[in-house]
Structures are given as structure tokens and as C-alpha cells.
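Engineer: Next up, query_30.pdb (PDB, C-alpha atoms, pLDDT in the B column).
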ATOM      1  CA  MET A 207     -30.457  -3.808   3.813  1.00 44.00           C
ATOM      2  CA  MET A 208     -30.517  -0.437   5.553  1.00 48.00           C
ATOM      3  CA  LEU A 209     -31.994  -0.147   9.036  1.00 49.00           C
ATOM      4  CA  SER A 210     -33.921   2.861  10.128  1.00 48.00           C
ATOM      5  CA  PRO A 211     -32.729   4.424  13.410  1.00 49.00           C
ATOM      6  CA  ASP A 212     -35.773   3.174  15.287  1.00 50.00           C
ATOM      7  CA  GLN A 213     -35.640  -0.385  13.878  1.00 47.00           C
ATOM      8  CA  ALA A 214     -33.679  -2.923  15.883  1.00 48.00           C
ATOM      9  CA  GLU A 215     -31.485  -5.465  14.153  1.00 45.00           C
ATOM     10  CA  ALA A 216     -33.232  -8.295  16.020  1.00 45.00           C
ATOM     11  CA  ASP A 217     -36.560  -7.364  14.371  1.00 46.00           C
ATOM     12  CA  LEU A 218     -35.308  -8.511  10.961  1.00 45.00           C
ATOM     13  CA  SER A 219     -36.096 -12.031   9.834  1.00 45.00           C
ATOM     14  CA  TRP A 220     -33.782 -14.097   7.653  1.00 44.00           C
ATOM     15  CA  THR A 221     -36.390 -14.191   4.903  1.00 43.00           C
ATOM     16  CA  GLN A 222     -35.713 -10.516   4.178  1.00 46.00           C
ATOM     17  CA  SER A 223     -32.268 -11.345   2.847  1.00 51.00           C
ATOM     18  CA  ASP A 224     -33.397 -13.761   0.147  1.00 54.00           C
ATOM     19  CA  PRO A 225     -32.011 -13.239  -3.393  1.00 54.00           C
ATOM     20  CA  GLU A 226     -35.253 -11.846  -4.821  1.00 58.00           C
ATOM     21  CA  THR A 227     -35.477  -9.157  -2.122  1.00 58.00           C
ATOM     22  CA  MET A 228     -31.860  -8.226  -2.739  1.00 54.00           C
ATOM     23  CA  LEU A 229     -32.490  -8.086  -6.503  1.00 52.00           C
ATOM     24  CA  ASN A 230     -35.471  -5.784  -5.952  1.00 58.00           C
ATOM     25  CA  GLY A 231     -33.266  -3.550  -3.808  1.00 57.00           C
ATOM     26  CA  LEU A 232     -30.717  -3.344  -6.605  1.00 53.00           C
ATOM     27  CA  LYS A 233     -33.418  -2.536  -9.157  1.00 54.00           C
ATOM     28  CA  SER A 234     -34.702   0.290  -7.003  1.00 55.00           C
ATOM     29  CA  ALA A 235     -31.125   1.634  -6.781  1.00 51.00           C
ATOM     30  CA  GLY A 236     -30.952   1.656 -10.579  1.00 53.00           C
ATOM     31  CA  CYS A 237     -28.219  -0.951 -10.854  1.00 53.00           C
ATOM     32  CA  THR A 238     -30.203  -3.539 -12.782  1.00 49.00           C
ATOM     33  CA  SER A 239     -32.723  -3.452 -15.491  1.00 50.00           C
ATOM     34  CA  ASP A 240     -35.214  -5.849 -17.045  1.00 51.00           C
ATOM     35  CA  GLU A 241     -33.880  -4.994 -20.519  1.00 51.00           C
ATOM     36  CA  PRO A 242     -31.369  -7.472 -21.919  1.00 51.00           C
ATOM     37  CA  THR A 243     -27.991  -5.745 -22.237  1.00 52.00           C
ATOM     38  CA  GLU A 244     -24.406  -6.877 -22.404  1.00 57.00           C
ATOM     39  CA  GLY A 245     -23.048  -7.777 -18.962  1.00 60.00           C
ATOM     40  CA  GLU A 246     -19.952  -5.577 -19.127  1.00 58.00           C
ATOM     41  CA  GLU A 247     -21.910  -2.548 -20.319  1.00 61.00           C
ATOM     42  CA  GLN A 248     -24.475  -3.027 -17.544  1.00 60.00           C
ATOM     43  CA  ARG A 249     -21.787  -3.300 -14.857  1.00 62.00           C
ATOM     44  CA  ALA A 250     -20.102  -0.164 -16.146  1.00 59.00           C
ATOM     45  CA  LYS A 251     -23.435   1.683 -16.065  1.00 58.00           C
ATOM     46  CA  CYS A 252     -24.092   0.532 -12.492  1.00 59.00           C
ATOM     47  CA  LYS A 253     -20.599   1.515 -11.352  1.00 58.00           C
ATOM     48  CA  ALA A 254     -20.878   4.899 -13.039  1.00 60.00           C
ATOM     49  CA  GLU A 255     -24.026   5.662 -11.065  1.00 70.00           C
ATOM     50  CA  GLN A 256     -22.493   4.728  -7.697  1.00 79.00           C
ATOM     51  CA  PRO A 257     -20.018   7.081  -6.009  1.00 86.00           C
ATOM     52  CA  LEU A 258     -16.487   5.675  -5.867  1.00 86.00           C
ATOM     53  CA  SER A 259     -15.090   4.612  -2.537  1.00 90.00           C
ATOM     54  CA  ARG A 260     -11.913   6.198  -1.233  1.00 89.00           C
ATOM     55  CA  GLU A 261      -9.984   2.995  -1.978  1.00 89.00           C
ATOM     56  CA  GLU A 262     -11.313   2.799  -5.543  1.00 89.00           C
ATOM     57  CA  LYS A 263     -10.356   6.437  -6.183  1.00 85.00           C
ATOM     58  CA  ARG A 264      -6.862   5.717  -4.874  1.00 85.00           C
ATOM     59  CA  ARG A 265      -6.560   2.628  -7.095  1.00 85.00           C
ATOM     60  CA  ARG A 266      -7.611   4.543 -10.199  1.00 85.00           C
ATOM     61  CA  ARG A 267      -5.245   7.428  -9.462  1.00 82.00           C
ATOM     62  CA  ARG A 268      -2.336   5.017  -8.963  1.00 83.00           C
ATOM     63  CA  ALA A 269      -3.079   3.315 -12.267  1.00 84.00           C
ATOM     64  CA  THR A 270      -2.155   6.368 -14.339  1.00 88.00           C
ATOM     65  CA  ALA A 271       1.190   6.496 -16.159  1.00 88.00           C
ATOM     66  CA  LYS A 272       1.927   9.941 -14.710  1.00 89.00           C
ATOM     67  CA  TYR A 273       1.501   8.664 -11.136  1.00 89.00           C
ATOM     68  CA  ARG A 274       3.631   5.553 -11.764  1.00 90.00           C
ATOM     69  CA  SER A 275       6.387   7.650 -13.328  1.00 93.00           C
ATOM     70  CA  ALA A 276       6.404  10.108 -10.416  1.00 93.00           C
ATOM     71  CA  HIS A 277       6.422   7.227  -7.924  1.00 93.00           C
ATOM     72  CA  ALA A 278       9.356   5.556  -9.705  1.00 96.00           C
ATOM     73  CA  THR A 279      11.283   8.844  -9.637  1.00 97.00           C
ATOM     74  CA  ARG A 280      10.642   9.281  -5.898  1.00 97.00           C
ATOM     75  CA  GLU A 281      11.734   5.693  -5.261  1.00 98.00           C
ATOM     76  CA  ARG A 282      14.968   6.157  -7.262  1.00 98.00           C
ATOM     77  CA  ILE A 283      15.805   9.280  -5.231  1.00 98.00           C
ATOM     78  CA  ARG A 284      15.059   7.449  -1.969  1.00 98.00           C
ATOM     79  CA  VAL A 285      17.251   4.459  -2.881  1.00 98.00           C
ATOM     80  CA  GLU A 286      20.063   6.749  -4.035  1.00 98.00           C
ATOM     81  CA  ALA A 287      20.003   8.643  -0.709  1.00 98.00           C
ATOM     82  CA  PHE A 288      20.000   5.321   1.129  1.00 97.00           C
ATOM     83  CA  ASN A 289      23.054   4.115  -0.809  1.00 97.00           C
ATOM     84  CA  VAL A 290      24.893   7.417  -0.237  1.00 97.00           C
ATOM     85  CA  ALA A 291      24.302   7.072   3.514  1.00 97.00           C
ATOM     86  CA  PHE A 292      25.775   3.551   3.472  1.00 96.00           C
ATOM     87  CA  ALA A 293      28.786   4.747   1.460  1.00 95.00           C
ATOM     88  CA  GLU A 294      29.454   7.524   3.982  1.00 96.00           C
ATOM     89  CA  LEU A 295      29.159   5.075   6.881  1.00 96.00           C
ATOM     90  CA  ARG A 296      31.485   2.657   5.068  1.00 95.00           C
ATOM     91  CA  LYS A 297      34.172   5.382   4.775  1.00 93.00           C
ATOM     92  CA  LEU A 298      34.214   5.776   8.574  1.00 93.00           C
ATOM     93  CA  LEU A 299      34.789   2.094   9.334  1.00 93.00           C
ATOM     94  CA  PRO A 300      38.305   0.627   9.494  1.00 91.00           C
ATOM     95  CA  THR A 301      38.810  -2.535   7.419  1.00 88.00           C
ATOM     96  CA  LEU A 302      41.719  -4.388   5.894  1.00 84.00           C
ATOM     97  CA  PRO A 303      42.081  -3.869   2.978  1.00 88.00           C
ATOM     98  CA  PRO A 304      40.469  -0.390   3.100  1.00 82.00           C
ATOM     99  CA  ASP A 305      38.799  -0.753  -0.305  1.00 84.00           C
ATOM    100  CA  LYS A 306      37.202  -4.121   0.484  1.00 87.00           C
ATOM    101  CA  LYS A 307      33.638  -4.391  -0.845  1.00 91.00           C
ATOM    102  CA  LEU A 308      31.122  -4.951   1.973  1.00 93.00           C
ATOM    103  CA  SER A 309      27.420  -5.718   1.839  1.00 95.00           C
ATOM    104  CA  LYS A 310      24.961  -3.474   3.656  1.00 96.00           C
ATOM    105  CA  ILE A 311      24.473  -5.988   6.450  1.00 97.00           C
ATOM    106  CA  GLU A 312      28.257  -6.341   6.835  1.00 95.00           C
ATOM    107  CA  ILE A 313      28.567  -2.546   7.054  1.00 95.00           C
ATOM    108  CA  LEU A 314      25.912  -2.427   9.783  1.00 96.00           C
ATOM    109  CA  ARG A 315      27.475  -5.276  11.769  1.00 96.00           C
ATOM    110  CA  LEU A 316      30.930  -3.739  11.459  1.00 95.00           C
ATOM    111  CA  ALA A 317      29.547  -0.361  12.600  1.00 96.00           C
ATOM    112  CA  ILE A 318      28.012  -1.992  15.684  1.00 97.00           C
ATOM    113  CA  CYS A 319      31.302  -3.677  16.556  1.00 96.00           C
ATOM    114  CA  TYR A 320      33.290  -0.479  15.955  1.00 96.00           C
ATOM    115  CA  ILE A 321      30.953   1.571  18.176  1.00 96.00           C
ATOM    116  CA  SER A 322      31.261  -1.065  20.930  1.00 97.00           C
ATOM    117  CA  TYR A 323      35.065  -0.946  20.579  1.00 96.00           C
ATOM    118  CA  LEU A 324      35.093   2.870  20.819  1.00 96.00           C
ATOM    119  CA  ASN A 325      32.880   2.732  23.944  1.00 96.00           C
ATOM    120  CA  HIS A 326      35.290   0.218  25.487  1.00 96.00           C
ATOM    121  CA  VAL A 327      38.258   2.483  24.692  1.00 96.00           C
ATOM    122  CA  LEU A 328      36.530   5.444  26.341  1.00 95.00           C
ATOM    123  CA  ASP A 329      35.693   3.428  29.446  1.00 94.00           C
ATOM    124  CA  VAL A 330      39.302   2.290  30.014  1.00 83.00           C
TER     125      VAL A 330
END
What is this file in C-alpha cells?
Structural biologist:
Amino acid sequence: MMLSPDQAEADLSWTQSDPETMLNGLKSAGCTSDEPTEGEEQRAKCKAEQPLSREEKRRRRRATAKYRSAHATRERIRVEAFNVAFAELRKLLPTLPPDKKLSKIEILRLAICYISYLNHVLDV
């Protein structure tokens, strides 16, 4: 229920929020009708008359095949750049054997240890 600017919230009684009052409010907004219609068709009609919220617009836009395809392409490019960065970091780290396969977390931990070692060498 909408309040007018000069009406205080405390002035409202709980009886104003009964189901019949709410139903009358919906009828005046054009979202219900006394004519018997199929439920899905009626809901679609009511939704078509109401402006879409920002979130609903975003959801509908994201549901398109074009958007999903573009998003998947962007994600592939991002992951590829991420993997290239790890490969470059891996080349800079000394390991035995040099071609040993390391996980990303192992690469990060080894990089931390190697940086600490280099700092220690510079300090001595």
C-alpha cells in the first residue's frame, strides 16, 4: 500500500492489509480481472503491463544465446591469459628437474620461497 507524503505509517491499521483490500488494489492496477482466463496467460498479461525491474532486465538479457556465447568467449580469453601468466612465472622458478609439472598452488608457494631466498641473498 502506498503512503501519501502527509500520511504517517502509524496511522495505518492492520485491517488495511487484508487479502481483499490487496486484491482490490491489484484489480485497480489492471493485474487481475473477473473474467475466467488461463493462469499463465493472465500472469503474462500482468507482467507485460508492469515495467521490468533492473534485475529482471539483466536476467532476460543474460538468457540470450548471443550473450552466453560472448560471455563464454570472454571467459576463455581470461582463463588463457591466466594460464599464460602462470607458465611465465613457472619458467622463472628453479626446480629439479626443470621440466617438472607443478600445480598452480605449488608454483605460487615456490615463488614465495624463491623471493624470500633472493631477499636473504641480497641482505647478506
Engineer: Considering only C-alpha atoms, state which residue in the set A:Leu308, A:Arg274, A:Arg260, A:Leu299 is at the smallest distance from Leu324 (chain A).
Structural biologist: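 For Leu324 (chain A), the nearest of the given residues is A:Leu299.
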Engineer: Just give me the gap between CA of His277 (chain A) and CA of Ala293 (chain A) in Å, one decimal is fine.
Structural biologist: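 Answer for the CA of His277 (chain A) to CA of Ala293 (chain A) separation: 24.4 Å.
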Engineer: CA of Leu316 (chain A) and CA of Thr301 (chain A), how far apart in Å?
Structural biologist: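 If I compute the distance from CA of Thr301 (chain A) to CA of Leu316 (chain A), I get 8.9 Å.
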Engineer: Ranking A:Ile321, A:Leu258, A:Ala278, A:Ile313 by minimum distance to Leu295 (chain A) and counting only C-alpha atoms, which one comes first?
Structural biologist: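 Looking at the shortest contact to Leu295 (chain A), the residue is A:Ile313.
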Engineer: Quick one: pull the distance between CA of Leu314 (chain A) and CA of Leu298 (chain A), Å, one decimal.
Structural biologist: 11.7 Å
Engineer: For Lys307 (chain A), which residue among A:Ala287, A:Lys272, A:Phe292, A:Glu261 is the nearest when counting all atoms listed in the file?
Structural biologist: A:Phe292
Engineer: Please rebuild region 279-290 of chain A with all heavy atoms and return the result as a short mmCIF file (atom, residue, chain, number, x, y, z; two decimals), keeping the file's coordinate frame.
Structural biologist:
data_model
loop_
_atom_site.label_atom_id
_atom_site.label_comp_id
_atom_site.auth_asym_id
_atom_site.auth_seq_id
_atom_site.Cartn_x
_atom_site.Cartn_y
_atom_site.Cartn_z
N THR A 279 10.26 7.81 -9.84
CA THR A 279 11.28 8.84 -9.64
C THR A 279 11.55 9.04 -8.15
O THR A 279 12.71 9.10 -7.72
CB THR A 279 10.84 10.17 -10.27
OG1 THR A 279 10.61 9.95 -11.67
CG2 THR A 279 11.87 11.25 -10.09
N ARG A 280 10.47 9.13 -7.35
CA ARG A 280 10.64 9.28 -5.90
C ARG A 280 11.39 8.09 -5.31
O ARG A 280 12.26 8.25 -4.44
CB ARG A 280 9.29 9.42 -5.21
CG ARG A 280 8.63 10.75 -5.39
CD ARG A 280 7.43 10.92 -4.47
NE ARG A 280 6.46 9.85 -4.56
CZ ARG A 280 5.42 9.83 -5.40
NH1 ARG A 280 5.22 10.85 -6.21
NH2 ARG A 280 4.59 8.82 -5.41
N GLU A 281 11.08 6.90 -5.77
CA GLU A 281 11.73 5.69 -5.26
C GLU A 281 13.22 5.68 -5.64
O GLU A 281 14.07 5.31 -4.82
CB GLU A 281 11.03 4.45 -5.81
CG GLU A 281 11.61 3.14 -5.34
CD GLU A 281 11.46 2.90 -3.85
OE1 GLU A 281 10.74 3.65 -3.17
OE2 GLU A 281 12.11 1.96 -3.35
N ARG A 282 13.56 6.09 -6.86
CA ARG A 282 14.97 6.16 -7.26
C ARG A 282 15.74 7.12 -6.37
O ARG A 282 16.85 6.84 -5.94
CB ARG A 282 15.09 6.60 -8.73
CG ARG A 282 15.18 5.46 -9.71
CD ARG A 282 15.60 5.94 -11.08
NE ARG A 282 14.76 7.00 -11.63
CZ ARG A 282 13.60 6.82 -12.25
NH1 ARG A 282 13.13 5.59 -12.40
NH2 ARG A 282 12.92 7.84 -12.71
N ILE A 283 15.16 8.29 -6.09
CA ILE A 283 15.80 9.28 -5.23
C ILE A 283 15.99 8.73 -3.82
O ILE A 283 17.05 8.90 -3.20
CB ILE A 283 14.99 10.59 -5.22
CG1 ILE A 283 15.06 11.25 -6.59
CG2 ILE A 283 15.47 11.53 -4.13
CD1 ILE A 283 14.07 12.39 -6.78
N ARG A 284 14.97 8.03 -3.31
CA ARG A 284 15.06 7.45 -1.97
C ARG A 284 16.17 6.41 -1.89
O ARG A 284 17.00 6.42 -0.97
CB ARG A 284 13.73 6.81 -1.58
CG ARG A 284 13.67 6.30 -0.16
CD ARG A 284 12.46 5.42 0.08
NE ARG A 284 12.56 4.15 -0.60
CZ ARG A 284 13.26 3.10 -0.15
NH1 ARG A 284 13.94 3.19 0.97
NH2 ARG A 284 13.31 1.97 -0.83
N VAL A 285 16.23 5.51 -2.88
CA VAL A 285 17.25 4.46 -2.88
C VAL A 285 18.65 5.07 -3.03
O VAL A 285 19.60 4.62 -2.38
CB VAL A 285 16.95 3.43 -4.00
CG1 VAL A 285 18.12 2.48 -4.21
CG2 VAL A 285 15.69 2.65 -3.67
N GLU A 286 18.77 6.09 -3.86
CA GLU A 286 20.06 6.75 -4.04
C GLU A 286 20.54 7.37 -2.72
O GLU A 286 21.71 7.24 -2.34
CB GLU A 286 19.97 7.83 -5.12
CG GLU A 286 21.29 8.47 -5.46
CD GLU A 286 21.17 9.49 -6.57
OE1 GLU A 286 20.32 9.30 -7.45
OE2 GLU A 286 21.92 10.48 -6.54
N ALA A 287 19.64 8.04 -2.00
CA ALA A 287 20.00 8.64 -0.71
C ALA A 287 20.40 7.56 0.29
O ALA A 287 21.35 7.73 1.07
CB ALA A 287 18.84 9.47 -0.18
N PHE A 288 19.71 6.45 0.26
CA PHE A 288 20.00 5.32 1.13
C PHE A 288 21.40 4.79 0.85
O PHE A 288 22.20 4.56 1.77
CB PHE A 288 18.94 4.25 0.88
CG PHE A 288 18.98 3.07 1.78
CD1 PHE A 288 18.54 3.14 3.08
CD2 PHE A 288 19.45 1.85 1.32
CE1 PHE A 288 18.57 2.04 3.91
CE2 PHE A 288 19.49 0.74 2.14
CZ PHE A 288 19.05 0.85 3.44
N ASN A 289 21.74 4.62 -0.42
CA ASN A 289 23.05 4.12 -0.81
C ASN A 289 24.17 5.10 -0.46
O ASN A 289 25.25 4.69 -0.06
CB ASN A 289 23.08 3.77 -2.30
CG ASN A 289 22.25 2.55 -2.60
OD1 ASN A 289 22.03 1.69 -1.75
ND2 ASN A 289 21.75 2.46 -3.83
N VAL A 290 23.90 6.40 -0.60
CA VAL A 290 24.89 7.42 -0.24
C VAL A 290 25.17 7.35 1.26
O VAL A 290 26.33 7.43 1.70
CB VAL A 290 24.42 8.83 -0.66
CG1 VAL A 290 25.25 9.92 -0.01
CG2 VAL A 290 24.45 8.96 -2.17
#
